[in-house]
Each structure stands twice: as structure tokens, then as C-alpha cells.
$ cat work-v3.tsv   # TSV, C-alpha atoms
chain	number	residue	atom	x	y	z
A	1	MET	CA	-8.33	18.45	21.09
A	2	LYS	CA	-6.52	16.07	18.74
A	3	THR	CA	-3.90	15.36	21.38
A	4	ASN	CA	-6.55	14.46	23.95
A	5	VAL	CA	-8.24	12.04	21.56
A	6	ILE	CA	-4.94	10.30	20.84
A	7	LYS	CA	-4.07	10.07	24.52
A	8	GLU	CA	-7.49	8.54	25.22
A	9	LYS	CA	-6.87	5.93	22.53
A	10	VAL	CA	-3.59	5.04	24.16
A	11	THR	CA	-4.78	4.92	27.78
A	12	ALA	CA	-8.29	3.51	27.41
A	13	LYS	CA	-7.19	-0.09	26.87
A	14	ASN	CA	-5.95	-2.47	29.53
A	15	GLY	CA	-2.25	-2.94	30.21
A	16	LYS	CA	-1.95	-6.02	27.98
A	17	ASN	CA	-2.82	-4.07	24.83
A	18	LEU	CA	-1.25	-0.76	25.82
A	19	GLN	CA	2.05	-1.29	24.03
A	20	ASN	CA	0.37	-2.27	20.76
A	21	ASP	CA	-1.90	0.76	21.01
A	22	VAL	CA	1.02	3.14	21.50
A	23	ALA	CA	2.98	1.57	18.64
A	24	HIS	CA	-0.01	1.80	16.29
A	25	VAL	CA	-0.67	5.44	17.18
A	26	LEU	CA	2.96	6.30	16.51
A	27	GLN	CA	3.02	4.39	13.21
A	28	ASP	CA	-0.24	5.92	11.97
A	29	SER	CA	0.93	9.45	12.77
A	30	ALA	CA	4.33	8.79	11.23
A	31	LEU	CA	2.71	7.53	8.02
A	32	GLU	CA	0.67	10.73	7.73
A	33	LEU	CA	3.72	12.93	8.31
A	34	PHE	CA	5.98	11.00	5.94
A	35	ALA	CA	3.28	11.19	3.24
A	36	LYS	CA	2.58	14.92	3.68
A	37	GLN	CA	6.22	15.96	3.96
A	38	ASN	CA	9.07	13.59	3.17
A	39	TYR	CA	11.30	11.08	4.88
A	40	SER	CA	14.27	13.41	5.34
A	41	SER	CA	12.39	16.39	6.76
A	42	VAL	CA	10.25	14.54	9.33
A	43	ARG	CA	11.87	14.54	12.77
A	44	ILE	CA	11.20	12.36	15.79
A	45	LYS	CA	10.08	15.55	17.52
A	46	ASP	CA	7.46	16.15	14.79
A	47	ILE	CA	5.96	12.70	15.26
A	48	ALA	CA	5.90	13.12	19.04
A	49	GLU	CA	4.15	16.49	18.74
A	50	ALA	CA	1.58	15.07	16.32
A	51	THR	CA	0.64	12.34	18.78
A	52	GLY	CA	1.00	14.30	22.00
A	53	LEU	CA	3.39	11.64	23.25
A	54	ASN	CA	6.94	11.93	24.53
A	55	SER	CA	9.78	11.55	22.02
A	56	ALA	CA	11.35	9.00	24.34
A	57	LEU	CA	8.48	6.60	23.58
A	58	ILE	CA	9.45	6.53	19.91
A	59	TYR	CA	13.01	5.54	20.79
A	60	TYR	CA	11.66	3.03	23.31
A	61	TYR	CA	9.38	1.28	20.81
A	62	PHE	CA	11.36	1.66	17.59
A	63	GLY	CA	14.91	2.69	18.48
A	64	SER	CA	15.28	5.21	15.63
A	65	LYS	CA	13.43	7.06	12.90
A	66	GLU	CA	14.75	4.52	10.39
A	67	ASN	CA	13.24	1.61	12.33
A	68	LEU	CA	9.95	3.46	12.71
A	69	PHE	CA	9.88	4.12	8.96
A	70	LEU	CA	10.57	0.41	8.35
A	71	LYS	CA	7.62	-0.56	10.56
A	72	VAL	CA	5.42	1.97	8.77
A	73	ILE	CA	6.28	0.40	5.41
A	74	GLU	CA	5.75	-3.15	6.70
A	75	SER	CA	2.42	-2.38	8.39
A	76	THR	CA	1.10	-0.51	5.33
A	77	VAL	CA	1.94	-3.44	3.06
A	78	GLU	CA	0.30	-5.85	5.51
A	79	LYS	CA	-2.91	-3.79	5.63
A	80	ALA	CA	-3.22	-3.81	1.85
A	81	PHE	CA	-2.79	-7.58	1.57
A	82	GLU	CA	-5.01	-8.27	4.57
A	83	GLN	CA	-7.94	-6.54	2.91
A	84	PHE	CA	-7.25	-8.30	-0.38
A	85	ASP	CA	-7.17	-11.67	1.37
A	86	SER	CA	-10.45	-10.88	3.13
A	87	ILE	CA	-12.32	-10.06	-0.07
A	88	LYS	CA	-10.58	-12.74	-2.16
A	89	MET	CA	-12.62	-15.37	-0.30
A	90	ASN	CA	-15.55	-14.28	-2.49
A	91	ALA	CA	-13.62	-15.10	-5.68
A	92	ASP	CA	-14.82	-18.20	-7.56
A	93	ASN	CA	-12.26	-18.17	-10.38
A	94	PRO	CA	-9.07	-16.43	-11.61
A	95	ARG	CA	-11.10	-13.73	-13.35
A	96	ASP	CA	-12.65	-12.74	-10.01
A	97	VAL	CA	-9.23	-12.74	-8.29
A	98	LEU	CA	-7.78	-10.41	-10.94
A	99	PHE	CA	-10.85	-8.17	-10.71
A	100	LEU	CA	-10.49	-7.95	-6.93
A	101	TRP	CA	-6.75	-7.23	-6.99
A	102	ILE	CA	-7.39	-4.26	-9.25
A	103	GLN	CA	-10.39	-3.32	-7.08
A	104	ILE	CA	-8.22	-3.18	-3.96
A	105	HIS	CA	-6.41	-0.24	-5.56
A	106	ILE	CA	-9.70	1.64	-5.47
A	107	LEU	CA	-10.75	0.49	-2.00
A	108	GLN	CA	-7.30	1.14	-0.50
A	109	PHE	CA	-6.27	3.90	-2.88
A	110	TYR	CA	-5.15	6.54	-0.38
A	111	LEU	CA	-3.29	4.00	1.76
A	112	LEU	CA	-1.41	2.69	-1.29
A	113	GLN	CA	-0.82	6.24	-2.51
A	114	LYS	CA	0.88	7.07	0.78
A	115	LEU	CA	2.98	3.92	0.49
A	116	ALA	CA	4.02	4.87	-3.05
A	117	LYS	CA	4.86	8.45	-2.09
A	118	ILE	CA	6.93	7.67	0.99
A	119	SER	CA	8.74	4.90	-0.90
A	120	LEU	CA	9.64	7.30	-3.70
A	121	ASP	CA	10.74	9.99	-1.23
A	122	TYR	CA	12.87	7.45	0.61
A	123	ALA	CA	14.46	6.22	-2.65
A	124	GLY	CA	15.90	9.71	-3.20
A	125	THR	CA	17.69	9.86	0.15
A	126	ASN	CA	21.30	9.00	0.92
A	127	GLY	CA	20.44	6.95	4.00
A	128	ARG	CA	18.92	3.89	2.36
A	129	THR	CA	19.17	0.56	4.15
A	130	PRO	CA	18.76	-3.02	2.86
A	131	GLU	CA	15.97	-3.64	5.39
A	132	ILE	CA	13.82	-0.75	4.15
A	133	ASP	CA	14.63	-1.51	0.50
A	134	ASN	CA	13.45	-5.09	1.03
A	135	ALA	CA	10.26	-3.95	2.79
A	136	VAL	CA	9.35	-1.77	-0.19
A	137	LYS	CA	10.31	-4.51	-2.64
A	138	LYS	CA	8.12	-7.01	-0.77
A	139	PHE	CA	4.93	-5.32	-1.93
A	140	TYR	CA	5.90	-5.51	-5.59
A	141	GLU	CA	7.15	-9.07	-5.31
A	142	LYS	CA	3.89	-10.24	-3.71
A	143	GLU	CA	1.87	-8.30	-6.26
A	144	SER	CA	3.86	-9.89	-9.08
A	145	VAL	CA	3.23	-13.38	-7.72
A	146	ILE	CA	-0.51	-12.72	-7.35
A	147	LEU	CA	-0.86	-11.33	-10.86
A	148	LYS	CA	1.32	-13.90	-12.65
A	149	ASN	CA	-0.23	-16.89	-10.87
A	150	THR	CA	-3.76	-15.59	-11.40
A	151	LEU	CA	-3.12	-15.02	-15.10
A	152	LYS	CA	-1.52	-18.46	-15.52
A	153	ASP	CA	-4.39	-20.13	-13.64
A	154	GLY	CA	-6.88	-18.29	-15.85
A	155	ILE	CA	-5.11	-19.41	-19.01
A	156	THR	CA	-4.99	-23.01	-17.80
A	157	ALA	CA	-8.68	-22.93	-16.88
A	158	GLY	CA	-9.63	-21.44	-20.23
A	159	VAL	CA	-10.92	-18.25	-18.59
A	160	PHE	CA	-8.20	-16.13	-20.24
A	161	ARG	CA	-6.68	-16.46	-23.67
A	162	GLU	CA	-2.99	-17.31	-24.05
A	163	VAL	CA	-0.87	-14.27	-23.16
A	164	ASN	CA	2.55	-13.59	-21.67
A	165	ALA	CA	1.65	-13.61	-17.97
A	166	VAL	CA	4.87	-11.86	-16.94
A	167	ASP	CA	4.38	-8.97	-19.36
A	168	MET	CA	0.69	-8.61	-18.54
A	169	ALA	CA	1.44	-8.59	-14.80
A	170	MET	CA	4.07	-5.91	-15.36
A	171	PHE	CA	1.62	-3.82	-17.41
A	172	ILE	CA	-1.09	-3.94	-14.73
A	173	SER	CA	1.32	-3.19	-11.88
A	174	THR	CA	2.99	-0.31	-13.73
A	175	PHE	CA	-0.34	1.25	-14.70
A	176	LEU	CA	-1.59	1.12	-11.11
A	177	ASP	CA	1.63	2.75	-9.91
A	178	GLY	CA	1.17	5.46	-12.51
A	179	VAL	CA	-2.33	6.25	-11.26
A	180	LEU	CA	-1.05	6.50	-7.67
A	181	PHE	CA	1.66	8.99	-8.63
A	182	ARG	CA	-0.55	10.92	-11.07
A	183	THR	CA	-2.95	11.70	-8.23
A	184	VAL	CA	-0.08	12.95	-6.06
A	185	MET	CA	0.69	15.53	-8.76
A	186	PHE	CA	-2.93	16.20	-9.71
A	187	PRO	CA	-5.26	15.64	-6.70
A	188	LYS	CA	-8.40	16.03	-8.84
A	189	PHE	CA	-7.35	13.26	-11.22
A	190	LYS	CA	-10.20	10.74	-11.54
A	191	TYR	CA	-8.33	7.68	-10.36
A	192	LYS	CA	-11.41	5.43	-10.09
A	193	HIS	CA	-12.31	6.08	-13.72
A	194	ALA	CA	-8.72	5.49	-14.84
A	195	ILE	CA	-8.46	2.19	-12.93
A	196	ASN	CA	-11.85	0.99	-14.20
A	197	CYS	CA	-10.86	1.85	-17.79
A	198	MET	CA	-7.64	-0.11	-17.43
A	199	ARG	CA	-9.47	-3.08	-15.95
A	200	GLU	CA	-11.98	-3.08	-18.80
A	201	PHE	CA	-9.13	-2.92	-21.33
A	202	VAL	CA	-7.29	-5.80	-19.63
A	203	PHE	CA	-10.33	-8.06	-19.53
A	204	GLU	CA	-11.16	-7.31	-23.17
A	205	HIS	CA	-7.57	-8.23	-24.07
A	206	LEU	CA	-7.76	-11.45	-22.01
A	207	ASP	CA	-11.16	-12.48	-23.34
A	208	VAL	CA	-10.88	-15.86	-25.06
A	209	LYS	CA	-13.19	-14.58	-27.80
A	210	THR	CA	-10.49	-12.15	-28.97
A	211	LYS	CA	-8.01	-14.97	-29.58
$ encode --input "work-v3.tsv" --output "C-alpha cells"
Amino acid sequence: MKTNVIKEKVTAKNGKNLQNDVAHVLQDSALELFAKQNYSSVRIKDIAEATGLNSALIYYYFGSKENLFLKVIESTVEKAFEQFDSIKMNADNPRDVLFLWIQIHILQFYLLQKLAKISLDYAGTNGRTPEIDNAVKKFYEKESVILKNTLKDGITAGVFREVNAVDMAMFISTFLDGVLFRTVMFPKFKYKHAINCMREFVFEHLDVKTK
């Protein structure tokens, strides 16, 4: 049944969009398999069977498992930032931007959890490549820029008290990572409560009244 649904998704569009549809189906299925198992154990054959498509299509579109994994990382990072950019338009000041960046980790929690897990699994392999390393690093670099700039803008605007923006950005990022990995180990962990508690703590610390 699952195979039929996937095939319908691939064939229902017109020829112009067919290639993108196939690539997205393969990437989505690969992400699920990499997250449930690990990078080393997932085979091209496993991804093909999960989609009901021929293994040759994976080589045609991506060339290798490594290139498919790279595209999975890149597309997952893009999805996270796309949603953040879409909701950031509602932000009126740096406080709102910081609130929304933390909020995206609730809205996109399971997507980011998969990204964290497959990145950690990949880091323990012997077949690491500079391209994949850079794709993983890109998320953290962009996050660091968002957090540091938002904190600095808030300090300049008088919304936040004077703090070390680099250290505070590192604290927020590291805490969010910790929640992602804690839930991998303990699926019943209340990640929303943990993230909301951290956000409340951060805003209390940044409040100009506490200066």
C-alpha cells in the first residue's frame, strides 16, 4: 500500500516536475532510514525498497549514498531555516526574533532531531568527507549568526541588558542540542517544557531590569 502511494506521488505530476518529485521522495525516505538506523547500515537497496523505486534511480539522481546523504543534510537544514524565515516576518524587534528562533525548535523538533541524530551517527564513521562536514557545520554557523546578531541588536536597542553575545548564543545552541539528543535517548522526555523553561530563563537573564 505504501509503495503504491509513493509511486502515485512520483507519477501524478507532469514531466516538468517529475525529476524533483522523484528526488524529494528519495531524500525523504533516506532521511527516515538514516534517522531510524544509522548512516553506515543503510544501503541503497534499503532506500529503494522503502520507496518502491529502482536502485538505479538513486545512482541516476545522486550518484552514490554519500551524495544522497549530503543532499538529505542540505535539504533538512534548508527546511528549518525556511520555516524560521517565514515566521520571522512577524517579529517586530530582537526579542521577538530570539523568541521565534527558540520556538522553531518546538515547531520543527522532530525534523531537527533527525538532523542531529544522523549528523552524530555520521560523525562516528570512517568515511567522512569535507562536503558533508561543511553541510552539517552550516546549520550551526547560521544559527550562531542569527543568535549573536539578534542578541547584539537587542543590546543596542535597549531590549536586552549588556551580556556576552557569543557566550549567550553558545549557551542557547548547546541547550537546544541537548534537548534534541535527550529525546533520542528518552522518547517520553518533555522537550516542549524543557525548551520553554530555557527560554524563560534566558529572557529573565536578558531583562534590562536585572542589570
$ closest_atom_pairs --input "work-v3.tsv" --of "stretch 35-81 of chain A" --to "stretch 88-107 of chain A" --cutoff "12 Å" --atoms "all atoms listed in the file" --output "CSV"
residue,atom,partner,partner_atom,distance
A:Lys79,CA,A:Ile104,CA,11.0
A:Ala80,CA,A:Ile104,CA,7.7
A:Phe81,CA,A:Ile104,CA,8.9
$ atom_distance --input "work-v3.tsv" --atom1 "atom CA of A:Val42" --atom2 "atom CA of A:Lys65"
8.9 Å
$ closest_residue --input "work-v3.tsv" --among "A:Ser119, A:Tyr60, A:Phe109, A:Val166" --to "A:Asn134" --atoms "all atoms listed in the file"
A:Ser119
$ atom_distance --input "work-v3.tsv" --atom1 "atom CA of A:Glu66" --atom2 "atom CA of A:Asp21"
20.1 Å
$ atom_distance --input "work-v3.tsv" --atom1 "atom CA of A:Lys117" --atom2 "atom CA of A:Ala35"
6.2 Å
$ closest_residue --input "work-v3.tsv" --among "A:Tyr191, A:Tyr39, A:Phe201, A:Phe34" --to "A:Gln108" --atoms "only C-alpha atoms"
A:Tyr191
$ closest_residue --input "work-v3.tsv" --among "A:Ser75, A:Ser40, A:Asn20, A:Asn196" --to "A:Phe139" --atoms "only C-alpha atoms"
A:Ser75
$ closest_residue --input "work-v3.tsv" --among "A:Gln113, A:Thr125, A:Asn164, A:Gln27" --to "A:Leu176" --atoms "all atoms listed in the file"
A:Gln113
$ closest_residue --input "work-v3.tsv" --among "A:Leu120, A:Ile172, A:Val159, A:Leu151" --to "A:Lys209" --atoms "only C-alpha atoms"
A:Val159
$ closest_residue --input "work-v3.tsv" --among "A:Asp207, A:Glu131, A:Asp177, A:Glu141" --to "A:Glu162" --atoms "all atoms listed in the file"
A:Asp207
$ residues_around --input "work-v3.tsv" --residues "A:His205" --least-positions-apart "5" --cutoff "12 Å" --atoms "all atoms listed in the file" --output "PyMOL selection string"
chain A and resi 159-164+168+198-200+210-211
$ decode --input "work-v3.tsv" --residues "stretch 44-59 of chain A" --atoms "all heavy atoms" --output "PDB file, in the first residue's frame"
ATOM      1  N   ILE A  44      21.773   1.404  -0.261  1.00  0.00           N
ATOM      2  CA  ILE A  44      20.995   1.921  -1.394  1.00  0.00           C
ATOM      3  C   ILE A  44      19.766   1.046  -1.607  1.00  0.00           C
ATOM      4  O   ILE A  44      18.660   1.533  -1.869  1.00  0.00           O
ATOM      5  CB  ILE A  44      21.850   1.959  -2.676  1.00  0.00           C
ATOM      6  CG1 ILE A  44      22.936   3.037  -2.561  1.00  0.00           C
ATOM      7  CG2 ILE A  44      20.983   2.187  -3.908  1.00  0.00           C
ATOM      8  CD1 ILE A  44      22.426   4.453  -2.619  1.00  0.00           C
ATOM      9  N   LYS A  45      19.952  -0.251  -1.484  1.00  0.00           N
ATOM     10  CA  LYS A  45      18.860  -1.201  -1.669  1.00  0.00           C
ATOM     11  C   LYS A  45      17.737  -0.943  -0.672  1.00  0.00           C
ATOM     12  O   LYS A  45      16.554  -1.056  -1.018  1.00  0.00           O
ATOM     13  CB  LYS A  45      19.384  -2.625  -1.506  1.00  0.00           C
ATOM     14  CG  LYS A  45      18.333  -3.709  -1.684  1.00  0.00           C
ATOM     15  CD  LYS A  45      18.950  -5.098  -1.502  1.00  0.00           C
ATOM     16  CE  LYS A  45      17.864  -6.180  -1.619  1.00  0.00           C
ATOM     17  NZ  LYS A  45      18.436  -7.537  -1.413  1.00  0.00           N
ATOM     18  N   ASP A  46      18.083  -0.589   0.569  1.00  0.00           N
ATOM     19  CA  ASP A  46      17.072  -0.322   1.600  1.00  0.00           C
ATOM     20  C   ASP A  46      16.225   0.898   1.229  1.00  0.00           C
ATOM     21  O   ASP A  46      15.003   0.901   1.415  1.00  0.00           O
ATOM     22  CB  ASP A  46      17.747  -0.085   2.956  1.00  0.00           C
ATOM     23  CG  ASP A  46      18.520  -1.289   3.441  1.00  0.00           C
ATOM     24  OD1 ASP A  46      18.065  -2.422   3.183  1.00  0.00           O
ATOM     25  OD2 ASP A  46      19.571  -1.101   4.075  1.00  0.00           O
ATOM     26  N   ILE A  47      16.882   1.920   0.724  1.00  0.00           N
ATOM     27  CA  ILE A  47      16.166   3.137   0.337  1.00  0.00           C
ATOM     28  C   ILE A  47      15.255   2.862  -0.850  1.00  0.00           C
ATOM     29  O   ILE A  47      14.110   3.322  -0.895  1.00  0.00           O
ATOM     30  CB  ILE A  47      17.171   4.264  -0.006  1.00  0.00           C
ATOM     31  CG1 ILE A  47      18.042   4.579   1.215  1.00  0.00           C
ATOM     32  CG2 ILE A  47      16.436   5.521  -0.481  1.00  0.00           C
ATOM     33  CD1 ILE A  47      19.230   5.469   0.916  1.00  0.00           C
ATOM     34  N   ALA A  48      15.753   2.083  -1.803  1.00  0.00           N
ATOM     35  CA  ALA A  48      14.945   1.728  -2.971  1.00  0.00           C
ATOM     36  C   ALA A  48      13.713   0.936  -2.553  1.00  0.00           C
ATOM     37  O   ALA A  48      12.601   1.196  -3.027  1.00  0.00           O
ATOM     38  CB  ALA A  48      15.793   0.921  -3.960  1.00  0.00           C
ATOM     39  N   GLU A  49      13.896  -0.028  -1.654  1.00  0.00           N
ATOM     40  CA  GLU A  49      12.768  -0.839  -1.199  1.00  0.00           C
ATOM     41  C   GLU A  49      11.752   0.002  -0.436  1.00  0.00           C
ATOM     42  O   GLU A  49      10.544  -0.220  -0.540  1.00  0.00           O
ATOM     43  CB  GLU A  49      13.271  -1.985  -0.328  1.00  0.00           C
ATOM     44  CG  GLU A  49      14.033  -3.061  -1.098  1.00  0.00           C
ATOM     45  CD  GLU A  49      14.545  -4.165  -0.197  1.00  0.00           C
ATOM     46  OE1 GLU A  49      14.456  -4.018   1.045  1.00  0.00           O
ATOM     47  OE2 GLU A  49      15.040  -5.185  -0.735  1.00  0.00           O
ATOM     48  N   ALA A  50      12.214   0.970   0.323  1.00  0.00           N
ATOM     49  CA  ALA A  50      11.310   1.818   1.101  1.00  0.00           C
ATOM     50  C   ALA A  50      10.445   2.698   0.212  1.00  0.00           C
ATOM     51  O   ALA A  50       9.320   3.061   0.576  1.00  0.00           O
ATOM     52  CB  ALA A  50      12.105   2.682   2.075  1.00  0.00           C
ATOM     53  N   THR A  51      10.957   3.049  -0.942  1.00  0.00           N
ATOM     54  CA  THR A  51      10.214   3.918  -1.858  1.00  0.00           C
ATOM     55  C   THR A  51       9.466   3.149  -2.941  1.00  0.00           C
ATOM     56  O   THR A  51       8.587   3.701  -3.590  1.00  0.00           O
ATOM     57  CB  THR A  51      11.170   4.902  -2.559  1.00  0.00           C
ATOM     58  OG1 THR A  51      12.156   4.156  -3.288  1.00  0.00           O
ATOM     59  CG2 THR A  51      11.866   5.801  -1.551  1.00  0.00           C
ATOM     60  N   GLY A  52       9.858   1.888  -3.152  1.00  0.00           N
ATOM     61  CA  GLY A  52       9.267   1.123  -4.233  1.00  0.00           C
ATOM     62  C   GLY A  52       9.850   1.491  -5.577  1.00  0.00           C
ATOM     63  O   GLY A  52       9.287   1.137  -6.624  1.00  0.00           O
ATOM     64  N   LEU A  53      10.986   2.194  -5.554  1.00  0.00           N
ATOM     65  CA  LEU A  53      11.637   2.610  -6.789  1.00  0.00           C
ATOM     66  C   LEU A  53      12.875   1.759  -7.045  1.00  0.00           C
ATOM     67  O   LEU A  53      13.381   1.085  -6.157  1.00  0.00           O
ATOM     68  CB  LEU A  53      12.034   4.087  -6.702  1.00  0.00           C
ATOM     69  CG  LEU A  53      10.860   5.061  -6.513  1.00  0.00           C
ATOM     70  CD1 LEU A  53      11.385   6.461  -6.252  1.00  0.00           C
ATOM     71  CD2 LEU A  53       9.942   5.049  -7.722  1.00  0.00           C
ATOM     72  N   ASN A  54      13.386   1.833  -8.254  1.00  0.00           N
ATOM     73  CA  ASN A  54      14.551   1.056  -8.633  1.00  0.00           C
ATOM     74  C   ASN A  54      15.826   1.685  -8.072  1.00  0.00           C
ATOM     75  O   ASN A  54      15.977   2.911  -8.069  1.00  0.00           O
ATOM     76  CB  ASN A  54      14.643   0.991 -10.162  1.00  0.00           C
ATOM     77  CG  ASN A  54      15.634  -0.051 -10.642  1.00  0.00           C
ATOM     78  OD1 ASN A  54      16.814   0.017 -10.339  1.00  0.00           O
ATOM     79  ND2 ASN A  54      15.122  -1.032 -11.388  1.00  0.00           N
ATOM     80  N   SER A  55      16.745   0.844  -7.610  1.00  0.00           N
ATOM     81  CA  SER A  55      18.019   1.339  -7.066  1.00  0.00           C
ATOM     82  C   SER A  55      18.761   2.211  -8.067  1.00  0.00           C
ATOM     83  O   SER A  55      19.473   3.154  -7.689  1.00  0.00           O
ATOM     84  CB  SER A  55      18.913   0.172  -6.656  1.00  0.00           C
ATOM     85  OG  SER A  55      18.335  -0.581  -5.619  1.00  0.00           O
ATOM     86  N   ALA A  56      18.588   1.891  -9.359  1.00  0.00           N
ATOM     87  CA  ALA A  56      19.294   2.644 -10.392  1.00  0.00           C
ATOM     88  C   ALA A  56      18.922   4.128 -10.373  1.00  0.00           C
ATOM     89  O   ALA A  56      19.734   4.988 -10.735  1.00  0.00           O
ATOM     90  CB  ALA A  56      18.989   2.046 -11.770  1.00  0.00           C
ATOM     91  N   LEU A  57      17.688   4.438  -9.933  1.00  0.00           N
ATOM     92  CA  LEU A  57      17.258   5.833  -9.872  1.00  0.00           C
ATOM     93  C   LEU A  57      18.072   6.621  -8.858  1.00  0.00           C
ATOM     94  O   LEU A  57      18.336   7.810  -9.040  1.00  0.00           O
ATOM     95  CB  LEU A  57      15.769   5.914  -9.526  1.00  0.00           C
ATOM     96  CG  LEU A  57      14.791   5.651 -10.672  1.00  0.00           C
ATOM     97  CD1 LEU A  57      13.372   5.593 -10.146  1.00  0.00           C
ATOM     98  CD2 LEU A  57      14.922   6.722 -11.744  1.00  0.00           C
ATOM     99  N   ILE A  58      18.448   5.970  -7.764  1.00  0.00           N
ATOM    100  CA  ILE A  58      19.238   6.646  -6.735  1.00  0.00           C
ATOM    101  C   ILE A  58      20.605   7.021  -7.297  1.00  0.00           C
ATOM    102  O   ILE A  58      21.093   8.143  -7.099  1.00  0.00           O
ATOM    103  CB  ILE A  58      19.379   5.757  -5.493  1.00  0.00           C
ATOM    104  CG1 ILE A  58      17.984   5.473  -4.903  1.00  0.00           C
ATOM    105  CG2 ILE A  58      20.277   6.425  -4.451  1.00  0.00           C
ATOM    106  CD1 ILE A  58      17.985   4.520  -3.731  1.00  0.00           C
ATOM    107  N   TYR A  59      21.211   6.085  -8.029  1.00  0.00           N
ATOM    108  CA  TYR A  59      22.505   6.380  -8.643  1.00  0.00           C
ATOM    109  C   TYR A  59      22.347   7.438  -9.741  1.00  0.00           C
ATOM    110  O   TYR A  59      23.227   8.289  -9.923  1.00  0.00           O
ATOM    111  CB  TYR A  59      23.113   5.096  -9.232  1.00  0.00           C
ATOM    112  CG  TYR A  59      23.556   4.119  -8.177  1.00  0.00           C
ATOM    113  CD1 TYR A  59      22.814   2.962  -7.923  1.00  0.00           C
ATOM    114  CD2 TYR A  59      24.694   4.353  -7.425  1.00  0.00           C
ATOM    115  CE1 TYR A  59      23.209   2.057  -6.956  1.00  0.00           C
ATOM    116  CE2 TYR A  59      25.101   3.453  -6.451  1.00  0.00           C
ATOM    117  CZ  TYR A  59      24.362   2.308  -6.219  1.00  0.00           C
ATOM    118  OH  TYR A  59      24.763   1.430  -5.250  1.00  0.00           O
TER     119      TYR A  59
END
